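Take a look at the structure below.
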Amino acid sequence: MSVAPTSGETRQPGYRHLLATPGAWTFLLPGFAARQPFAMLTISMVLLIEHTTGSYATAGASAAVTGVSMALCAPRAGRLADRFGQRAVLVPGIALHAAAVAVLITLALAHAPIWALFAAAAPAGATVPQVGPMVRSRWAAALDQSRSSLMATAAAFESVTDEFTFVIGPVLATALCTGVHPAAGLVTEAALTVIGGSLFAAQRRSAPRVQSSSARDAARHTSALSVPGVRALAVAFLGIGSVFGGMQVSLAAFTQEIGNPGINGVLYGIFAAGNMLSGVVYGAISWRRGPRLRLLAAYAGLATASFPLWLISSTPLLGAMGMVVGLCIAPAIITGYTLVEDLVPAAARTEAFTWLTGSVALGQAAAVTIAGLLTDHSGSHAGFTVPLIGTAAALVVLLGLRGRLVSRPRGVVAGGVIGHRPPVAVD
């Protein structure tokens, strides 16, 4: 399925060509700093609230409120960024997020009632800056038409960057919460949001051009979710979110059960490292098969790899199996984001990316809630069934909707087709 091209074929441009894109580094470095807090938010909330309440169910439910709130608000933020520009959305967003996190920390340390924690968790999620989708939109703008062959490489690079943050973020958050203060993870998350977000927002030249009023008027009446393929991808990303959420809660509970909570960040970092490693390799390969078939194959592998987790009681074996699960995630994420460039017009692209990011957050929110309840009732092994159930269910739906993953006809403008070329399958 993955082979190098023959001598008569042209090799897909690699990371060196991608990073030579004019202006790329001006948004890559601040974008990395600005998205780091996203990898710290949920685990920092779980560790702080579990410390103050003694319940993983409460901690997971609070994190779930944050995830649901983010999932519901992220696409709206993406639409506003497409319409008014990224800076106009980022600047007020980072200030509101820092304030919301400060309120959440204060309430948690004051042992506020659960309803108050939920009330504070909602704005903390709603205001999460959508830096990852914004970086992907900047790549799409920089590579549009003249260097479109690099889009798959850019998607792989962004997946690797995302997972690198998930290698660093959980380890850093766990070290801060367990070694400094239970609230230190969230304090650092808020500080990095302000600093990194401000630096990223300041990079105006690389931001996608705001669409003309006619394009905005055409896109205003429909959402990127009206594109059938985006709905199919959203389901797939819900399942991926169930892996992230289930692993976060269940690994934290497992390390508590064995009396070594400090190793939680290491185990989650190994899981994320597998994701990052596969992303690096995946983006360097020239593929003959289309992204639709690759997405289905990668997703089937993810569901299969998630099965043994609930059976494992050995720490080294759990770390190894967690890496295998991580290895299966990146190909699914990369092909999903690659398909967006084919499926969605430029006027709605940031919104489409935020739908996928929001789907991950929504799946993660459901997973941390369910895994928290299962863990409190039956231990960490029960929590590890959540990634299996989530990916298996999403795979069934994705197989049923695979016909919707077709290329966008030329001339499509967010819900209205003005051209006449029929859809083309992207296998």
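Just so we're on the same page: first chain in the structure tokens is A, next is B, and so on; residues restart at 1 for each chain, and ligands are numbered from 1 in the order they show up.
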- Query: Could you name the residues that touch Ala61 in chain A at 12 Å or less, counting only C-alpha atoms, but leaving out those on the same chain fewer than 2 positions away, as number ranges by chain?
  - Reply: A: 42, 45-46, 49-50, 55-59, 63-68, 114-115, 117-119, 121-122, 245, 249, 364-373
When you look at Ala184 in chain A with a cut-off of 9 Å (counting only C-alpha atoms), what residues show up, excluding the ones that are within fewer than 6 positions of it in the same chain? I need them as a PDB file with N, CA and C atoms, in the first residue's frame.
```
ATOM      1  N   SER A  44      -4.494  18.848  33.012  1.00  0.00           N
ATOM      2  CA  SER A  44      -4.312  19.739  34.166  1.00  0.00           C
ATOM      3  C   SER A  44      -5.610  19.878  34.949  1.00  0.00           C
ATOM      4  N   LEU A  48      -6.070  18.610  38.851  1.00  0.00           N
ATOM      5  CA  LEU A  48      -6.431  19.587  39.884  1.00  0.00           C
ATOM      6  C   LEU A  48      -7.761  19.224  40.536  1.00  0.00           C
ATOM      7  N   ALA A 173       2.548  19.094  32.328  1.00  0.00           N
ATOM      8  CA  ALA A 173       1.408  19.333  33.208  1.00  0.00           C
ATOM      9  C   ALA A 173       1.442  18.422  34.422  1.00  0.00           C
ATOM     10  N   LEU A 176       4.192  19.509  36.827  1.00  0.00           N
ATOM     11  CA  LEU A 176       3.826  20.723  37.550  1.00  0.00           C
ATOM     12  C   LEU A 176       2.760  20.445  38.613  1.00  0.00           C
ATOM     13  N   CYS A 177       1.759  19.632  38.258  1.00  0.00           N
ATOM     14  CA  CYS A 177       0.658  19.369  39.189  1.00  0.00           C
ATOM     15  C   CYS A 177       1.075  18.472  40.349  1.00  0.00           C
ATOM     16  N   THR A 178       1.972  17.528  40.084  1.00  0.00           N
ATOM     17  CA  THR A 178       2.380  16.607  41.144  1.00  0.00           C
ATOM     18  C   THR A 178       3.625  17.059  41.885  1.00  0.00           C
TER      19      THR A 178
END
```
- Item | Between CA of Gly54 in chain A and CA of Thr255 in chain A - distance in Å to one decimal |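 Answer for the CA of Thr255 in chain A to CA of Gly54 in chain A separation: 15.2 Å.
For the choices A:Gly229, A:Pro308, A:Gly85, A:Gly179, the atom-to-atom distance to Leu401 in chain A is smallest for A:Gly229 when using only C-alpha atoms.
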- Query: Between A:Leu41, A:Cys73, A:Leu233, A:Val210, which has the minimum distance to Thr193 in chain A (counting only C-alpha atoms)?
  - Reply: A:Leu41
- Item | Polymer residues at most 10 Å from range 154-164 of chain A, only C-alpha atoms, same-chain spacing of 3 or more positions, as an MDAnalysis selection string | chainID A and resid 14:15 18:19 28 31:32 35:36 38:39 132:133 135:136 139:140 143 148:151 167:169 269 271:284 326 329:339 341
Hey, what's within 8 Å of Val101 in chain A if we count only C-alpha atoms and toss same-chain stuff fewer than 5 positions away? As a tab-separated table (two decimals) with C-alpha atoms, in the first residue's frame, please?
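The new file out07.tsv reads:
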```
chain	number	residue	atom	x	y	z
A	120	ALA	CA	-16.45	27.76	35.09
A	121	ALA	CA	-15.35	24.89	32.84
A	124	ALA	CA	-12.67	27.84	29.67
A	186	LEU	CA	-3.50	25.31	34.61
A	187	VAL	CA	-1.54	28.43	35.60
A	190	ALA	CA	-3.07	30.18	30.80
```
- Task: Select, from A:Ile263, A:Leu72, A:Ala81, A:Leu104, the residue with the minimum atom-to-atom distance to Ala201 in chain A, counting only C-alpha atoms.
- Result: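 Nearest to Ala201 in chain A: A:Ala81.
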- Message: as a PyMOL selection string, please: every residue in range 115-272 of chain A that a backbone DSSP assignment puts in helix (DSSP H, G or I).
- Response: chain A and resi 115-126+131-143+148-179+184-201+213-220+224-226+228-257+261-272
- If you count only C-alpha atoms, which residues fall within 12 Å of Leu405 in chain A, apart from same-chain ones fewer than 2 positions away, as a PyMOL selection string? chain A and resi 227-234+236+290-296+335-344+398-403+407-408+423-427
- Just how far from CA of Ala74 in chain A is CA of Gly239 in chain A, in Å to one decimal?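 So the two atoms, CA of Gly239 in chain A and CA of Ala74 in chain A, lie 17.9 Å apart.
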- Counting only C-alpha atoms, figure out which residue out of A:His51, A:Arg83, A:Arg138, A:Arg76 gets nearest to Thr21 in chain A.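 Result for the nearest residue to Thr21 in chain A: A:Arg138.
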- Identify which of the residues A:Ala382, A:Ala298, A:Ile285, A:Val243 lies closest to Ile312 in chain A, counting only C-alpha atoms when measuring atom-to-atom distances. A:Ala382
- Message: Calculated over only C-alpha atoms, which of the candidates A:Leu267, A:Trp25, A:Met247, A:Val324 has the smallest distance to Pro387 in chain A?
- Response: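 Using only C-alpha atoms, Pro387 in chain A sits closest to A:Met247.
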- What does the distance between CA of Asn264 in chain A and CA of Val235 in chain A come to in Å, to one decimal place? 28.5 Å
